[in-house]
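The file query-v5.txt contains compact mmCIF, C-alpha atoms:
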```txt
# COMPACT_ATOMS: atom_id res chain seq x y z
CA MET Y 1 -140.41 16.79 -121.41
CA THR Y 2 -141.15 17.10 -125.10
CA LYS Y 3 -144.68 17.73 -126.25
CA LYS Y 4 -144.81 14.33 -127.91
CA ASN Y 5 -143.80 12.59 -124.68
CA LYS Y 6 -146.40 14.53 -122.74
CA THR Y 7 -149.14 13.38 -125.09
CA THR Y 8 -147.90 9.79 -124.89
CA VAL Y 9 -147.91 9.87 -121.08
CA ILE Y 10 -151.43 11.29 -120.94
CA ILE Y 11 -152.74 8.72 -123.40
CA LEU Y 12 -151.05 5.87 -121.52
CA LEU Y 13 -152.46 7.01 -118.17
CA LEU Y 14 -155.95 7.28 -119.64
CA LEU Y 15 -155.55 3.78 -121.05
CA CYS Y 16 -154.64 2.52 -117.57
CA ALA Y 17 -157.70 4.18 -116.09
CA VAL Y 18 -159.90 2.52 -118.71
CA LEU Y 19 -158.33 -0.90 -118.10
CA ILE Y 20 -158.96 -0.58 -114.38
CA VAL Y 21 -162.43 0.92 -114.47
CA ALA Y 22 -163.85 -1.16 -117.34
CA PRO Y 23 -164.17 -4.44 -115.36
CA VAL Y 24 -166.07 -2.65 -112.59
CA PHE Y 25 -168.69 -1.48 -115.05
CA ALA Y 26 -168.66 -4.59 -117.19
CA LEU Y 27 -169.16 -6.92 -114.24
CA ARG Y 28 -171.79 -5.13 -112.18
CA GLY Y 29 -172.49 -6.94 -108.96
CA ALA Y 30 -169.30 -8.97 -109.07
CA GLU Y 31 -167.72 -9.44 -105.72
CA PHE Y 32 -164.19 -8.19 -106.46
CA GLY Y 33 -162.75 -10.13 -103.59
CA GLY Y 34 -159.06 -10.83 -103.37
CA SER Y 35 -157.70 -13.49 -105.65
CA ASP Y 36 -155.82 -15.03 -102.73
CA GLY Y 37 -159.24 -15.72 -101.29
CA ALA Y 38 -159.96 -17.50 -104.56
CA GLY Y 39 -156.57 -19.18 -104.15
CA SER Y 40 -157.39 -20.58 -100.73
CA GLU Y 41 -160.77 -21.81 -101.97
CA MET Y 42 -158.85 -23.58 -104.70
CA VAL Y 43 -156.55 -25.10 -102.09
CA ALA Y 44 -159.63 -26.44 -100.36
CA GLU Y 45 -161.01 -27.74 -103.64
CA VAL Y 46 -157.77 -29.44 -104.69
CA THR Y 47 -157.06 -31.10 -101.37
CA GLY Y 48 -160.72 -31.78 -100.61
CA THR Y 49 -160.47 -30.40 -97.08
CA GLU Y 50 -160.58 -26.91 -95.68
CA TYR Y 51 -156.99 -25.96 -94.98
CA GLU Y 52 -156.22 -24.70 -91.52
CA PRO Y 53 -153.32 -22.21 -91.71
CA TRP Y 54 -150.70 -23.24 -89.18
CA PHE Y 55 -149.51 -19.72 -88.53
CA THR Y 56 -151.53 -16.54 -88.20
CA PRO Y 57 -150.27 -13.06 -89.07
CA VAL Y 58 -148.38 -11.28 -86.29
CA PHE Y 59 -150.86 -8.44 -86.12
CA GLU Y 60 -153.72 -10.87 -85.68
CA GLN Y 61 -151.83 -12.56 -82.86
CA MET Y 62 -151.43 -9.19 -81.16
CA PHE Y 63 -155.05 -8.18 -81.59
CA GLY Y 64 -156.40 -11.64 -81.04
CA ALA Y 65 -158.63 -11.03 -84.04
CA GLU Y 66 -158.43 -10.26 -87.71
CA LEU Y 67 -157.41 -6.70 -88.50
CA PRO Y 68 -160.56 -4.59 -89.08
CA GLY Y 69 -161.09 -3.71 -92.75
CA GLU Y 70 -160.82 0.02 -92.17
CA LEU Y 71 -157.48 -0.33 -90.42
CA GLU Y 72 -156.21 -2.59 -93.15
CA SER Y 73 -157.12 -0.05 -95.81
CA LEU Y 74 -155.47 2.64 -93.68
CA LEU Y 75 -152.24 0.64 -93.61
CA PHE Y 76 -152.43 0.04 -97.35
CA CYS Y 77 -152.83 3.79 -97.80
CA VAL Y 78 -149.77 4.35 -95.65
CA GLN Y 79 -147.84 2.07 -97.96
CA THR Y 80 -149.06 3.91 -101.04
CA GLY Y 81 -148.38 7.24 -99.35
CA ILE Y 82 -144.78 6.37 -98.55
CA GLY Y 83 -144.17 5.31 -102.13
CA VAL Y 84 -145.87 8.26 -103.76
CA GLY Y 85 -144.09 10.65 -101.40
CA VAL Y 86 -140.66 9.35 -102.32
CA ILE Y 87 -141.38 9.29 -106.05
CA ALA Y 88 -142.94 12.76 -106.08
CA PHE Y 89 -140.12 14.28 -104.02
CA LEU Y 90 -137.35 12.87 -106.19
CA LEU Y 91 -139.09 13.50 -109.49
CA GLY Y 92 -139.77 17.06 -108.37
CA ARG Y 93 -136.06 17.53 -107.70
CA PHE Y 94 -135.17 16.11 -111.11
CA VAL Y 95 -137.62 18.43 -112.84
CA GLU Y 96 -136.34 21.52 -111.02
CA ARG Y 97 -132.73 20.54 -111.68
CA LYS Y 98 -133.42 20.26 -115.38
CA LYS Y 99 -135.15 23.63 -115.36
CA ILE Y 100 -132.20 25.29 -113.63
CA GLU Y 101 -129.74 23.57 -115.98
CA ASN Y 102 -131.68 24.85 -118.97
CA GLU Y 103 -131.78 28.36 -117.54
CA THR Y 104 -128.05 28.53 -116.78
CA ALA Y 105 -127.27 27.04 -120.18
CA GLY Y 106 -129.43 29.76 -121.71
CA THR Y 107 -127.76 32.63 -119.84
CA SER Y 108 -124.19 31.37 -120.37
CA LYS Y 109 -124.92 31.17 -124.08
CA LYS Y 110 -126.07 34.77 -123.99
CA VAL Y 111 -122.94 35.81 -122.11
CA SER Y 112 -120.59 34.09 -124.51
CA HIS Y 113 -122.53 35.60 -127.37
CA SER Y 114 -122.06 39.13 -126.03
CA HIS Y 115 -118.33 38.49 -125.69
CA THR Y 116 -117.80 37.64 -129.30
CA MET E 117 -182.45 22.85 -104.36
CA THR E 118 -183.13 22.79 -108.07
CA SER E 119 -183.86 19.46 -109.69
CA LYS E 120 -180.51 19.63 -111.47
CA GLN E 121 -178.70 20.03 -108.18
CA LYS E 122 -180.70 17.16 -106.74
CA LYS E 123 -179.66 14.99 -109.63
CA ILE E 124 -176.00 15.83 -109.10
CA VAL E 125 -176.23 15.10 -105.39
CA SER E 126 -177.94 11.77 -105.89
CA LEU E 127 -175.44 10.82 -108.58
CA ALA E 128 -172.57 11.65 -106.21
CA ALA E 129 -174.28 9.71 -103.45
CA SER E 130 -174.69 6.63 -105.61
CA PHE E 131 -171.02 6.82 -106.61
CA ALA E 132 -170.10 7.05 -102.94
CA LEU E 133 -172.29 4.07 -102.20
CA ILE E 134 -170.68 1.99 -104.92
CA ALA E 135 -167.20 2.99 -103.78
CA GLY E 136 -168.09 2.22 -100.20
CA THR E 137 -169.52 -1.21 -100.89
CA LEU E 138 -166.68 -2.40 -103.10
CA PRO E 139 -165.08 -4.70 -100.58
CA ALA E 140 -161.52 -4.06 -99.49
CA ALA E 141 -159.93 -7.21 -100.71
CA GLY E 142 -156.92 -9.18 -99.73
CA ALA E 143 -154.79 -9.95 -102.70
CA MET E 144 -152.35 -12.25 -104.03
CA HIS E 145 -149.28 -13.38 -102.23
CA ILE E 146 -149.37 -16.78 -100.63
CA MET E 147 -151.03 -16.17 -97.29
CA GLU E 148 -149.56 -16.62 -93.86
CA GLY E 149 -149.56 -20.22 -92.72
CA TYR E 150 -150.60 -21.57 -96.09
CA LEU E 151 -147.39 -23.42 -96.85
CA SER E 152 -146.16 -26.26 -94.73
CA PRO E 153 -142.96 -25.52 -92.77
CA ARG E 154 -141.02 -27.72 -95.18
CA TRP E 155 -141.93 -25.60 -98.20
CA CYS E 156 -141.39 -22.39 -96.26
CA ALA E 157 -137.87 -23.51 -95.54
CA ILE E 158 -137.19 -24.69 -99.09
CA TRP E 159 -138.28 -21.41 -100.70
CA GLY E 160 -136.46 -19.44 -98.04
CA VAL E 161 -133.23 -21.29 -98.74
CA LEU E 162 -133.72 -20.85 -102.48
CA ALA E 163 -134.31 -17.11 -102.08
CA LEU E 164 -131.32 -16.54 -99.83
CA PRO E 165 -128.48 -16.63 -102.39
CA PHE E 166 -130.34 -14.13 -104.58
CA LEU E 167 -130.79 -11.80 -101.62
CA ILE E 168 -127.10 -12.00 -100.78
CA ALA E 169 -126.16 -11.38 -104.41
CA GLY E 170 -128.63 -8.50 -104.44
CA PHE E 171 -127.09 -6.95 -101.36
CA PHE E 172 -123.62 -7.02 -102.91
CA SER E 173 -124.95 -5.78 -106.23
CA ILE E 174 -126.56 -2.75 -104.59
CA LYS E 175 -123.43 -2.09 -102.57
CA LYS E 176 -121.33 -2.18 -105.73
CA THR E 177 -123.66 0.17 -107.60
CA LEU E 178 -123.64 2.64 -104.74
CA THR E 179 -119.87 2.64 -104.20
CA ARG E 180 -119.41 3.24 -107.92
CA ASP E 181 -121.86 6.09 -107.93
CA ARG E 182 -123.36 7.39 -104.72
CA LYS E 183 -125.94 9.37 -106.67
CA ALA E 184 -127.58 6.19 -107.91
CA ILE E 185 -129.33 6.09 -104.55
CA THR E 186 -132.01 8.47 -105.83
CA LEU E 187 -133.05 6.09 -108.60
CA LEU E 188 -132.75 3.14 -106.23
CA ALA E 189 -135.13 4.87 -103.83
CA MET E 190 -137.45 5.58 -106.70
CA ALA E 191 -137.45 1.98 -107.89
CA GLY E 192 -138.23 0.85 -104.34
CA ALA E 193 -140.96 3.45 -103.95
CA PHE E 194 -142.44 2.33 -107.27
CA ILE E 195 -142.80 -1.20 -105.87
CA PHE E 196 -144.37 0.25 -102.71
CA VAL E 197 -147.00 2.14 -104.66
CA ILE E 198 -147.74 -0.43 -107.31
CA SER E 199 -147.98 -3.39 -104.98
CA SER E 200 -150.26 -1.56 -102.55
CA LEU E 201 -152.99 -0.92 -105.12
CA LYS E 202 -155.53 -3.67 -105.38
CA ILE E 203 -157.17 -3.42 -108.71
CA PRO E 204 -160.39 -4.94 -110.00
CA SER E 205 -159.95 -7.31 -112.89
CA VAL E 206 -162.02 -8.96 -115.57
CA THR E 207 -162.64 -12.10 -113.52
CA GLY E 208 -164.52 -10.13 -110.87
CA SER E 209 -161.83 -10.42 -108.25
CA CYS E 210 -159.05 -8.08 -107.24
CA SER E 211 -155.34 -8.53 -107.40
CA HIS E 212 -152.35 -6.26 -107.34
CA MET E 213 -149.27 -5.68 -109.45
CA THR E 214 -145.68 -6.21 -108.46
CA GLY E 215 -143.83 -3.13 -109.70
CA THR E 216 -140.53 -4.97 -109.74
CA GLY E 217 -139.91 -4.53 -113.47
CA LEU E 218 -138.60 -0.97 -113.20
CA GLY E 219 -135.96 -1.84 -110.64
CA ALA E 220 -134.92 -4.94 -112.58
CA LEU E 221 -134.29 -2.90 -115.73
CA LEU E 222 -132.38 -0.17 -113.88
CA PHE E 223 -130.37 -2.12 -111.32
CA GLY E 224 -130.45 -5.71 -112.47
CA PRO E 225 -132.64 -8.52 -111.18
CA SER E 226 -130.71 -9.48 -108.05
CA ALA E 227 -130.74 -5.92 -106.69
CA VAL E 228 -134.52 -5.88 -106.90
CA SER E 229 -134.77 -8.90 -104.63
CA ILE E 230 -133.68 -6.62 -101.77
CA LEU E 231 -136.22 -3.92 -102.67
CA GLY E 232 -138.91 -6.57 -103.04
CA VAL E 233 -138.19 -8.23 -99.73
CA ILE E 234 -138.48 -4.88 -97.94
CA VAL E 235 -141.96 -4.39 -99.39
CA LEU E 236 -142.97 -7.97 -98.64
CA LEU E 237 -141.78 -7.64 -95.04
CA PHE E 238 -143.76 -4.42 -94.66
CA GLN E 239 -146.88 -6.10 -96.01
CA ALA E 240 -146.42 -9.30 -94.02
CA ILE E 241 -145.93 -7.54 -90.69
CA MET E 242 -148.15 -4.49 -91.03
CA LEU E 243 -150.87 -5.61 -93.39
CA ALA E 244 -151.26 -9.31 -92.71
CA HIS E 245 -150.84 -9.61 -96.44
CA GLY E 246 -148.54 -12.37 -97.55
CA GLY E 247 -146.81 -13.60 -94.44
CA LEU E 248 -143.62 -14.16 -92.51
CA THR E 249 -143.72 -17.91 -92.94
CA THR E 250 -144.38 -17.59 -96.66
CA LEU E 251 -141.87 -14.75 -97.05
CA GLY E 252 -139.36 -17.02 -98.78
CA ALA E 253 -141.88 -18.27 -101.31
CA ASN E 254 -143.28 -14.80 -102.00
CA THR E 255 -139.81 -13.32 -102.28
CA PHE E 256 -138.91 -16.01 -104.75
CA SER E 257 -141.91 -15.36 -106.99
CA MET E 258 -142.23 -11.57 -106.77
CA ALA E 259 -138.73 -10.33 -106.04
CA ILE E 260 -136.64 -12.93 -107.87
CA ALA E 261 -138.42 -14.90 -110.60
CA GLY E 262 -140.41 -11.95 -111.98
CA PRO E 263 -137.48 -9.51 -112.09
CA PHE E 264 -135.20 -12.09 -113.73
CA VAL E 265 -137.75 -12.63 -116.50
CA SER E 266 -138.18 -8.86 -116.92
CA PHE E 267 -134.44 -8.35 -117.15
CA GLY E 268 -133.94 -11.23 -119.59
CA ILE E 269 -136.76 -10.13 -121.88
CA TYR E 270 -135.51 -6.55 -121.91
CA LYS E 271 -131.97 -7.61 -122.83
CA LEU E 272 -133.27 -9.96 -125.51
CA LEU E 273 -135.52 -7.35 -127.10
CA GLN E 274 -132.74 -4.77 -127.03
CA LYS E 275 -130.49 -7.24 -128.87
CA LEU E 276 -133.25 -7.66 -131.44
CA LYS E 277 -133.32 -3.86 -131.79
CA VAL E 278 -136.92 -3.58 -130.66
CA ASN E 279 -138.08 -0.07 -129.76
CA LYS E 280 -136.92 0.77 -126.25
CA MET E 281 -140.27 1.63 -124.71
CA VAL E 282 -141.88 -1.43 -126.29
CA SER E 283 -139.15 -3.53 -124.66
CA VAL E 284 -139.77 -1.87 -121.30
CA PHE E 285 -143.48 -2.57 -121.63
CA ALA E 286 -142.99 -6.22 -122.58
CA ALA E 287 -140.43 -6.78 -119.84
CA ALA E 288 -142.58 -5.33 -117.05
CA THR E 289 -145.77 -7.03 -118.26
CA LEU E 290 -144.28 -10.50 -118.67
CA GLY E 291 -142.32 -10.21 -115.42
CA ASP E 292 -145.55 -9.48 -113.58
CA LEU E 293 -147.35 -12.39 -115.23
CA PHE E 294 -144.47 -14.75 -114.55
CA THR E 295 -144.57 -13.85 -110.84
CA TYR E 296 -148.09 -15.22 -110.65
CA CYS E 297 -147.22 -18.29 -112.68
CA VAL E 298 -144.51 -19.03 -110.12
CA THR E 299 -146.99 -18.47 -107.29
CA SER E 300 -149.33 -20.97 -108.95
CA LEU E 301 -146.54 -23.51 -109.23
CA GLN E 302 -145.52 -22.97 -105.63
CA LEU E 303 -149.07 -23.66 -104.50
CA ALA E 304 -149.29 -26.62 -106.86
CA VAL E 305 -146.20 -28.40 -105.55
CA ALA E 306 -147.38 -27.75 -102.00
CA TYR E 307 -150.90 -28.95 -102.79
CA PRO E 308 -150.74 -31.60 -105.48
CA SER E 309 -154.15 -32.74 -106.58
CA PRO E 310 -155.00 -36.20 -105.17
CA ASP E 311 -156.11 -37.34 -108.64
CA GLY E 312 -153.52 -36.08 -111.10
CA GLY E 313 -150.76 -34.62 -108.99
CA VAL E 314 -148.89 -31.37 -109.37
CA ALA E 315 -149.77 -30.71 -113.03
CA VAL E 316 -153.52 -30.79 -112.45
CA SER E 317 -153.42 -28.54 -109.45
CA ALA E 318 -150.97 -26.18 -111.22
CA ALA E 319 -153.50 -25.83 -114.02
CA LYS E 320 -156.21 -25.10 -111.47
CA PHE E 321 -154.23 -22.42 -109.66
CA LEU E 322 -153.13 -20.86 -112.95
CA GLY E 323 -156.77 -20.83 -113.97
CA VAL E 324 -157.52 -18.66 -110.95
CA PHE E 325 -154.55 -16.33 -111.14
CA ALA E 326 -153.65 -15.91 -114.80
CA PRO E 327 -156.88 -14.37 -116.19
CA THR E 328 -157.12 -12.05 -113.19
CA GLN E 329 -153.55 -10.96 -113.56
CA LEU E 330 -153.38 -10.42 -117.32
CA PRO E 331 -155.03 -6.96 -117.49
CA LEU E 332 -153.12 -5.89 -114.38
CA ALA E 333 -149.87 -6.97 -115.95
CA ILE E 334 -150.69 -4.75 -118.92
CA VAL E 335 -151.41 -1.84 -116.59
CA GLU E 336 -148.10 -2.46 -114.87
CA GLY E 337 -146.32 -2.46 -118.21
CA ILE E 338 -147.91 0.86 -119.13
CA LEU E 339 -147.08 2.47 -115.78
CA THR E 340 -143.48 1.31 -116.02
CA VAL E 341 -143.25 2.91 -119.47
CA VAL E 342 -144.72 6.14 -118.08
CA ILE E 343 -142.17 6.38 -115.27
CA MET E 344 -139.40 5.47 -117.70
CA ILE E 345 -140.42 8.33 -120.00
CA ALA E 346 -140.33 10.65 -116.99
CA LEU E 347 -136.86 9.43 -116.02
CA GLU E 348 -135.56 9.71 -119.56
CA SER E 349 -136.79 13.30 -119.67
CA TYR E 350 -135.49 14.45 -116.30
CA ALA E 351 -132.89 12.03 -114.97
CA ARG E 352 -130.64 11.35 -117.94
CA PRO E 353 -127.37 11.75 -116.00
CA GLU E 354 -128.44 9.09 -113.47
CA LEU E 355 -129.63 6.70 -116.16
CA ARG E 356 -126.37 7.15 -118.01
CA SER E 357 -124.26 6.42 -114.96
CA LEU E 358 -126.24 3.21 -114.43
CA GLY E 359 -125.43 2.26 -117.99
CA PHE E 360 -129.12 2.16 -118.84
CA GLU E 361 -128.94 5.02 -121.29
CA GLU E 362 -126.46 4.50 -124.07
CA VAL E 363 -124.97 7.83 -125.06
```
Rewritten as C-alpha cells:
Amino acid sequence: MTKKNKTTVIILLLLCAVLIVAPVFALRGAEFGGSDGAGSEMVAEVTGTEYEPWFTPVFEQMFGAELPGELESLLFCVQTGIGVGVIAFLLGRFVERKKIENETAGTSKKVSHSHT
Amino acid sequence: MTSKQKKIVSLAASFALIAGTLPAAGAMHIMEGYLSPRWCAIWGVLALPFLIAGFFSIKKTLTRDRKAITLLAMAGAFIFVISSLKIPSVTGSCSHMTGTGLGALLFGPSAVSILGVIVLLFQAIMLAHGGLTTLGANTFSMAIAGPFVSFGIYKLLQKLKVNKMVSVFAAATLGDLFTYCVTSLQLAVAYPSPDGGVAVSAAKFLGVFAPTQLPLAIVEGILTVVIMIALESYARPELRSLGFEEV
C-alpha cells in the first residue's frame, strides 16, 4: 500500500469514528433505540391501532419468550465475528502474497542483473 | 491510590456505565409478522427472479474464474460485518448499514441478492431481526433494490469519468439510502394512511428512516472506499479478472 493510500485510509476511518461517536455526545440522554421500533410506532400511528404481528420470530417460539438482550448481542457479535474473520483471513493472505511477489521479483531482478 | 489514579478509574467507570446503559437496539428491517401474508407473498415473488438470476450469475463468475471465490467471500463477509453493527445516529435512534454496495460493484447487482439473502436468513432465524415472513420484502429492499442503484450509479459516474473512489463512495452511500426508501415504501403500501393513502404514510415512514439513515449511509460509503483501497493495493489480479480493474 502506498504511503498516500495509507494516510487516506487512516483519515477515512477517523472520519467514520467521528460520524458514529458525534451523535452520542451531541444527543446526551437520547434513547438510541432501534429505528424499527420507531417504525412500528409509526405503523400504530398511521393505522390508529396497535398492530399485532401475526407471526413471531422462530427463536421466540422456541423459547416462549423474547430473546434476552445479552443473548441477542452475543448473536450479533457472532455475526460480526464471522464477517471480520473471513475478511481478515483473506486480506492477510493477499498482503502476504504481495509481499512474497515483491520479494521474488526483487531477487530475480538481482539474478538477471548478475548474469549480464 | 493517588488522586490522579482515582480520577482515571472513575473516568473509566463512567465510560463503562455509559456503554452499559446504551440500550442494545433492534434495527431496521421490516420485523417478523409486520406485513400481511399477501404482501409477504408479493415481495417474495418479486424477489425470486432476482435470486435465480443471482445464482446463475455467481455460477458463471465462478466457472470462469474459480479464484473469484475469495473476493465473493469477502463481499459476503463485508455484508455480515456491516449489517451487524447498529450505529447511533443523529435522530437519537440506532440503525444499521447494508454493506451490499461492495458486492454490487464487484459482482453485479443480481449476484449480491444471494449474498444478501444469506445474511437476512441468518438474522431472521438467529437474531429475531427482520423475519422469515418478511424475508421477501427485506431481500427486495436490501439485497436487490439497493445493489441495483449502487451498480447503476457506479456505471453512470464511470461513464462521466468521475474519480473512481468518489464513484465507489457515491454508489455505496446512495444504495444504502435507497434500501431504506424502499423499506419505507413497502411499509407505506402495506399501511396506507386512512386519511391520505399511501403517499402520506410513505412520507411518514421516510421521515422516520431517512434522517436516521443518512449519516450511516455516509459511513457505509467511506468504509466501502476503505476496503476498495485495500483490494486495489493487494488484490489487483482478482479485481482484474472480474473486469473491475481496467488494465
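When CA of Phe25 in chain Y is paired with CA of Ala333 in chain E, their separation reads 19.6 Å.
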Inset, instruction - Determine the nearest neighbour of Phe360 in chain E from the options E:Leu187, E:Cys297, E:Leu273, E:Leu221, counting all atoms listed in the file. - result: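 Using all atoms listed in the file, the shortest distance to Phe360 in chain E belongs to E:Leu221.
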Inset, instruction - In Å, rounded to a single decimal, give me how far CA of Gly149 in chain E is from CA of Ala44 in chain Y. - result: 14.1 Å
Inset, instruction - Calculate how many Å separate CA of Ser211 in chain E from CA of Thr80 in chain Y, rounding to one decimal. - result: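 Between CA of Ser211 in chain E and CA of Thr80 in chain Y the gap works out to 15.3 Å.
Compared by their closest atoms to Ala88 in chain Y, and using all atoms listed in the file, the residues E:Phe171, E:Phe166, E:Trp159, E:Ala193 rank with E:Ala193 nearest.
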Selecting C-alpha atoms, how would range 57-112 of chain Y from this structure be written as a PDB file, in the first residue's frame?
```pdb
ATOM      1  CA  PRO Y  57     -39.684 -14.998  15.327  1.00  0.00           C
ATOM      2  CA  VAL Y  58     -38.726 -18.682  15.379  1.00  0.00           C
ATOM      3  CA  PHE Y  59     -36.375 -18.256  18.304  1.00  0.00           C
ATOM      4  CA  GLU Y  60     -39.101 -16.627  20.343  1.00  0.00           C
ATOM      5  CA  GLN Y  61     -41.414 -19.522  19.544  1.00  0.00           C
ATOM      6  CA  MET Y  62     -38.771 -21.933  20.799  1.00  0.00           C
ATOM      7  CA  PHE Y  63     -38.057 -20.006  23.977  1.00  0.00           C
ATOM      8  CA  GLY Y  64     -41.630 -18.970  24.511  1.00  0.00           C
ATOM      9  CA  ALA Y  65     -40.300 -15.501  25.260  1.00  0.00           C
ATOM     10  CA  GLU Y  66     -38.353 -12.725  23.652  1.00  0.00           C
ATOM     11  CA  LEU Y  67     -34.647 -13.419  23.314  1.00  0.00           C
ATOM     12  CA  PRO Y  68     -32.810 -11.860  26.297  1.00  0.00           C
ATOM     13  CA  GLY Y  69     -30.830  -8.743  25.344  1.00  0.00           C
ATOM     14  CA  GLU Y  70     -27.493 -10.238  26.312  1.00  0.00           C
ATOM     15  CA  LEU Y  71     -28.050 -13.289  24.125  1.00  0.00           C
ATOM     16  CA  GLU Y  72     -29.135 -11.104  21.254  1.00  0.00           C
ATOM     17  CA  SER Y  73     -25.973  -9.039  21.496  1.00  0.00           C
ATOM     18  CA  LEU Y  74     -23.970 -12.275  21.693  1.00  0.00           C
ATOM     19  CA  LEU Y  75     -25.534 -13.471  18.448  1.00  0.00           C
ATOM     20  CA  PHE Y  76     -24.893 -10.118  16.798  1.00  0.00           C
ATOM     21  CA  CYS Y  77     -21.265 -10.419  17.887  1.00  0.00           C
ATOM     22  CA  VAL Y  78     -21.124 -13.881  16.350  1.00  0.00           C
ATOM     23  CA  GLN Y  79     -22.301 -12.375  13.088  1.00  0.00           C
ATOM     24  CA  THR Y  80     -19.689  -9.632  13.238  1.00  0.00           C
ATOM     25  CA  GLY Y  81     -17.053 -12.167  14.233  1.00  0.00           C
ATOM     26  CA  ILE Y  82     -17.752 -14.428  11.274  1.00  0.00           C
ATOM     27  CA  GLY Y  83     -17.511 -11.494   8.894  1.00  0.00           C
ATOM     28  CA  VAL Y  84     -14.379  -9.987  10.378  1.00  0.00           C
ATOM     29  CA  GLY Y  85     -12.726 -13.405  10.495  1.00  0.00           C
ATOM     30  CA  VAL Y  86     -13.287 -14.038   6.807  1.00  0.00           C
ATOM     31  CA  ILE Y  87     -12.188 -10.554   5.756  1.00  0.00           C
ATOM     32  CA  ALA Y  88      -9.085 -10.575   7.956  1.00  0.00           C
ATOM     33  CA  PHE Y  89      -8.047 -14.053   6.825  1.00  0.00           C
ATOM     34  CA  LEU Y  90      -8.368 -13.297   3.124  1.00  0.00           C
ATOM     35  CA  LEU Y  91      -6.870  -9.823   3.324  1.00  0.00           C
ATOM     36  CA  GLY Y  92      -3.967 -11.258   5.293  1.00  0.00           C
ATOM     37  CA  ARG Y  93      -3.363 -13.781   2.522  1.00  0.00           C
ATOM     38  CA  PHE Y  94      -3.478 -11.049  -0.115  1.00  0.00           C
ATOM     39  CA  VAL Y  95      -0.991  -8.929   1.804  1.00  0.00           C
ATOM     40  CA  GLU Y  96       1.448 -11.823   2.288  1.00  0.00           C
ATOM     41  CA  ARG Y  97       1.119 -12.833  -1.357  1.00  0.00           C
ATOM     42  CA  LYS Y  98       2.000  -9.338  -2.474  1.00  0.00           C
ATOM     43  CA  LYS Y  99       4.977  -9.292  -0.131  1.00  0.00           C
ATOM     44  CA  ILE Y 100       6.279 -12.601  -1.485  1.00  0.00           C
ATOM     45  CA  GLU Y 101       5.694 -11.455  -5.070  1.00  0.00           C
ATOM     46  CA  ASN Y 102       7.675  -8.304  -4.407  1.00  0.00           C
ATOM     47  CA  GLU Y 103      10.492 -10.272  -2.809  1.00  0.00           C
ATOM     48  CA  THR Y 104      10.789 -12.809  -5.635  1.00  0.00           C
ATOM     49  CA  ALA Y 105      10.587 -10.008  -8.190  1.00  0.00           C
ATOM     50  CA  GLY Y 106      13.420  -8.294  -6.331  1.00  0.00           C
ATOM     51  CA  THR Y 107      15.673 -11.373  -6.215  1.00  0.00           C
ATOM     52  CA  SER Y 108      15.034 -12.406  -9.835  1.00  0.00           C
ATOM     53  CA  LYS Y 109      15.987  -8.901 -10.901  1.00  0.00           C
ATOM     54  CA  LYS Y 110      19.222  -9.251  -8.969  1.00  0.00           C
ATOM     55  CA  VAL Y 111      19.911 -12.633 -10.566  1.00  0.00           C
ATOM     56  CA  SER Y 112      19.324 -11.396 -14.091  1.00  0.00           C
TER      57      SER Y 112
END
```
